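Right, one structure below, let's go through it.
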Amino acid sequence: MALVTFTSPMHKDKTVYAVAGSHTQTVLALAKDNHIPIDFGCQNGECGTCLVKVKAIEKNRIHGGPLTDGEINVLRELGKITRAQVEKMLVDDLPPTEWRLACQMVVRDEDILVEYPSK
Ligand code: FES
């Protein structure tokens, strides 16, 4: 069971449980289930509306699964990730940036802090 804390300058912080081991629940789905008002559009990793910043609560832990191809494209268009970071991710199999798309990032069994909106 992972604890996911959503934080925003415009709303009260809220911490919710994510189902352990589902490996399918996205940050956006978790937010919607818990009435957390993250903006979204396409829900398909194409528009960038759901941009969030994600930090691991425990030091030295990674957060979430690797970026999807759509996520990489949008983050590059938004200037949030470089080609070098993408190449490093492919070698290390680790997310190289705190910037994520909530509709693409799958929650894993780790406690995370999700900042929104993060434009
Ligand atoms: S809602 Fe469009 S990229 Fe996430």
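Within each chain, counting starts at residue 1; across the structure tokens, chains are named A, B, ... in the order shown, with ligands numbered 1 upward in that order.
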
Check which residues of chain A sit at most 8 Å from ligand 1 using only C-alpha atoms and all ligand atoms, and return one row each with the closest pair of atoms and their distance in Å to one decimal, ordered by chain and rising number, as a tab-separated table.
```
residue	atom	partner	partner_atom_place_in_ligand_line	distance
A:Leu28	CA	ligand 1	4 (Fe)	7.9
A:Asp39	CA	ligand 1	1 (S)	7.5
A:Phe40	CA	ligand 1	1 (S)	4.0
A:Gly41	CA	ligand 1	1 (S)	4.0
A:Cys42	CA	ligand 1	2 (Fe)	3.9
A:Gln43	CA	ligand 1	1 (S)	3.6
A:Asn44	CA	ligand 1	2 (Fe)	5.4
A:Gly45	CA	ligand 1	3 (S)	3.5
A:Glu46	CA	ligand 1	3 (S)	4.4
A:Cys47	CA	ligand 1	2 (Fe)	3.9
A:Gly48	CA	ligand 1	3 (S)	3.9
A:Thr49	CA	ligand 1	2 (Fe)	5.1
A:Cys50	CA	ligand 1	4 (Fe)	4.4
A:Leu51	CA	ligand 1	4 (Fe)	6.9
A:Glu71	CA	ligand 1	3 (S)	7.3
A:Val74	CA	ligand 1	3 (S)	7.4
A:Leu101	CA	ligand 1	4 (Fe)	5.4
A:Ala102	CA	ligand 1	4 (Fe)	5.9
A:Cys103	CA	ligand 1	4 (Fe)	4.4
A:Gln104	CA	ligand 1	4 (Fe)	6.6
```

**stretch 17-102 of chain A: residues DSSP assigns to alpha helix (DSSP H), reported as number ranges by chain** = A: 27-33, 69-77, 83-92

**Request:** Could you give me, as a PyMOL selection string, the residues within 10 Å of stretch 2-13 of chain A, counting only C-alpha atoms and dropping anything in the same chain fewer than 2 positions from it?
**Result:** chain A and resi 15-21+27+30-31+36-38+52-57+107-118

Restrict the selected residues to N, CA and C atoms and save them as a tab-separated table (two decimals), in the first residue's frame.
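Output (again.tsv):
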```
chain	number	residue	atom	x	y	z
A	15	THR	N	-3.77	13.21	1.56
A	15	THR	CA	-3.01	11.97	1.43
A	15	THR	C	-3.99	10.82	1.27
A	16	VAL	N	-3.75	9.98	0.26
A	16	VAL	CA	-4.65	8.86	-0.02
A	16	VAL	C	-3.82	7.59	-0.19
A	17	TYR	N	-4.50	6.46	-0.06
A	17	TYR	CA	-3.87	5.17	-0.28
A	17	TYR	C	-4.00	4.78	-1.75
A	18	ALA	N	-2.93	4.25	-2.30
A	18	ALA	CA	-2.99	3.67	-3.64
A	18	ALA	C	-2.96	2.15	-3.48
A	19	VAL	N	-3.70	1.47	-4.32
A	19	VAL	CA	-3.77	0.02	-4.24
A	19	VAL	C	-2.41	-0.57	-4.60
A	20	ALA	N	-1.86	-1.37	-3.70
A	20	ALA	CA	-0.55	-1.96	-3.94
A	20	ALA	C	-0.63	-3.02	-5.02
A	21	GLY	N	0.33	-3.01	-5.90
A	21	GLY	CA	0.47	-4.09	-6.86
A	21	GLY	C	-0.46	-4.04	-8.05
A	27	VAL	N	-1.67	8.21	-11.58
A	27	VAL	CA	-1.82	9.29	-10.61
A	27	VAL	C	-3.12	10.04	-10.87
A	30	LEU	N	-6.12	8.02	-9.62
A	30	LEU	CA	-6.15	8.08	-8.16
A	30	LEU	C	-6.70	9.44	-7.70
A	31	ALA	N	-6.25	10.51	-8.36
A	31	ALA	CA	-6.74	11.85	-8.02
A	31	ALA	C	-8.25	11.96	-8.26
A	36	ILE	N	-9.62	14.96	-6.16
A	36	ILE	CA	-8.52	15.92	-6.14
A	36	ILE	C	-8.48	16.61	-7.50
A	37	PRO	N	-8.59	17.95	-7.52
A	37	PRO	CA	-8.84	18.66	-8.78
A	37	PRO	C	-7.60	18.91	-9.64
A	38	ILE	N	-6.97	17.85	-10.11
A	38	ILE	CA	-5.88	18.01	-11.07
A	38	ILE	C	-6.51	18.27	-12.44
A	52	VAL	N	2.46	17.36	-13.58
A	52	VAL	CA	2.66	17.41	-12.13
A	52	VAL	C	4.15	17.22	-11.83
A	53	LYS	N	4.51	17.55	-10.62
A	53	LYS	CA	5.88	17.33	-10.16
A	53	LYS	C	5.81	16.28	-9.06
A	54	VAL	N	6.62	15.22	-9.18
A	54	VAL	CA	6.52	14.09	-8.25
A	54	VAL	C	7.84	13.89	-7.52
A	55	LYS	N	7.74	13.76	-6.21
A	55	LYS	CA	8.93	13.51	-5.40
A	55	LYS	C	8.70	12.27	-4.56
A	56	ALA	N	9.76	11.49	-4.38
A	56	ALA	CA	9.70	10.34	-3.49
A	56	ALA	C	9.78	10.84	-2.06
A	57	ILE	N	8.98	10.26	-1.17
A	57	ILE	CA	9.02	10.64	0.24
A	57	ILE	C	10.32	10.14	0.88
A	107	VAL	N	1.17	4.46	-10.48
A	107	VAL	CA	1.58	4.46	-9.08
A	107	VAL	C	2.20	3.11	-8.74
A	108	ARG	N	3.33	3.17	-8.09
A	108	ARG	CA	3.97	1.94	-7.61
A	108	ARG	C	3.91	1.90	-6.09
A	109	ASP	N	4.46	0.85	-5.53
A	109	ASP	CA	4.36	0.66	-4.09
A	109	ASP	C	5.41	1.49	-3.36
A	110	GLU	N	5.25	2.80	-3.43
A	110	GLU	CA	6.16	3.71	-2.76
A	110	GLU	C	5.40	5.00	-2.44
A	111	ASP	N	5.79	5.63	-1.37
A	111	ASP	CA	5.12	6.85	-0.95
A	111	ASP	C	5.67	8.03	-1.74
A	112	ILE	N	4.76	8.82	-2.30
A	112	ILE	CA	5.18	9.94	-3.14
A	112	ILE	C	4.41	11.21	-2.79
A	113	LEU	N	5.00	12.33	-3.19
A	113	LEU	CA	4.36	13.64	-3.06
A	113	LEU	C	4.11	14.16	-4.48
A	114	VAL	N	2.88	14.52	-4.77
A	114	VAL	CA	2.50	14.99	-6.11
A	114	VAL	C	2.11	16.46	-6.01
A	115	GLU	N	2.88	17.33	-6.65
A	115	GLU	CA	2.57	18.76	-6.65
A	115	GLU	C	1.79	19.11	-7.91
A	116	TYR	N	0.68	19.85	-7.73
A	116	TYR	CA	-0.13	20.29	-8.85
A	116	TYR	C	-0.71	21.66	-8.53
A	117	PRO	N	-1.13	22.47	-9.48
A	117	PRO	CA	-0.60	22.40	-10.84
A	117	PRO	C	0.85	22.80	-10.84
A	118	SER	N	1.59	22.38	-11.83
A	118	SER	CA	3.03	22.59	-11.82
A	118	SER	C	3.54	23.27	-13.08
```

**Request:** Write down as a ChimeraX atom specification the residues belonging to stretch 61-114 of chain A that are assigned strand (DSSP E or B) by DSSP computed on the backbone.
**Result:** /A:99-101,106,112-114

For the residues selected in the previous step, produce a file with N, CA and C atoms as a JSON list (two decimals), in the first residue's frame.
```json
[["chain", "number", "residue", "atom", "x", "y", "z"],
["A", 99, "TRP", "N", 9.30, 15.80, -13.30],
["A", 99, "TRP", "CA", 8.12, 16.17, -14.08],
["A", 99, "TRP", "C", 7.46, 14.93, -14.65],
["A", 100, "ARG", "N", 6.18, 14.80, -14.45],
["A", 100, "ARG", "CA", 5.44, 13.66, -14.99],
["A", 100, "ARG", "C", 4.07, 14.12, -15.48],
["A", 101, "LEU", "N", 3.46, 13.27, -16.29],
["A", 101, "LEU", "CA", 2.07, 13.49, -16.69],
["A", 101, "LEU", "C", 1.22, 12.58, -15.81],
["A", 106, "VAL", "N", 2.13, 5.60, -13.63],
["A", 106, "VAL", "CA", 1.50, 4.52, -12.87],
["A", 106, "VAL", "C", 2.07, 4.52, -11.45],
["A", 112, "ILE", "N", 4.76, 8.82, -2.30],
["A", 112, "ILE", "CA", 5.18, 9.94, -3.14],
["A", 112, "ILE", "C", 4.41, 11.21, -2.79],
["A", 113, "LEU", "N", 5.00, 12.33, -3.19],
["A", 113, "LEU", "CA", 4.36, 13.64, -3.06],
["A", 113, "LEU", "C", 4.11, 14.16, -4.48],
["A", 114, "VAL", "N", 2.88, 14.52, -4.77],
["A", 114, "VAL", "CA", 2.50, 14.99, -6.11],
["A", 114, "VAL", "C", 2.11, 16.46, -6.01]]
```

**Asked** Hey, what's within 7 Å of stretch 82-95 of chain A if we count only C-alpha atoms and toss same-chain stuff fewer than 5 positions away? As a ChimeraX atom specification, please?
**Response** /A:62,65-67,76

Selection from above, N, CA and C atoms, as an mmCIF file, in the first residue's frame, can you write it?
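The resulting file, again35.cif, is shown below:
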```cif
data_model
loop_
_atom_site.group_PDB
_atom_site.id
_atom_site.type_symbol
_atom_site.label_atom_id
_atom_site.label_comp_id
_atom_site.auth_asym_id
_atom_site.auth_seq_id
_atom_site.Cartn_x
_atom_site.Cartn_y
_atom_site.Cartn_z
ATOM 1 N N ILE A 62 13.181 5.653 -6.316
ATOM 2 C CA ILE A 62 12.667 6.184 -7.569
ATOM 3 C C ILE A 62 11.172 6.377 -7.442
ATOM 4 N N GLY A 65 6.867 4.245 -12.656
ATOM 5 C CA GLY A 65 7.510 3.528 -13.731
ATOM 6 C C GLY A 65 8.189 4.480 -14.690
ATOM 7 N N PRO A 66 8.979 3.945 -15.624
ATOM 8 C CA PRO A 66 9.624 4.783 -16.625
ATOM 9 C C PRO A 66 8.601 5.563 -17.440
ATOM 10 N N LEU A 67 9.036 6.648 -18.043
ATOM 11 C CA LEU A 67 8.135 7.479 -18.831
ATOM 12 C C LEU A 67 7.667 6.734 -20.078
ATOM 13 N N ARG A 76 9.200 16.825 -23.566
ATOM 14 C CA ARG A 76 10.201 17.493 -24.404
ATOM 15 C C ARG A 76 9.625 18.759 -25.016
#
```

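Picture a line from atom CA of A:Asn73 to atom CA of A:Asp33; it runs 26.9 Å.
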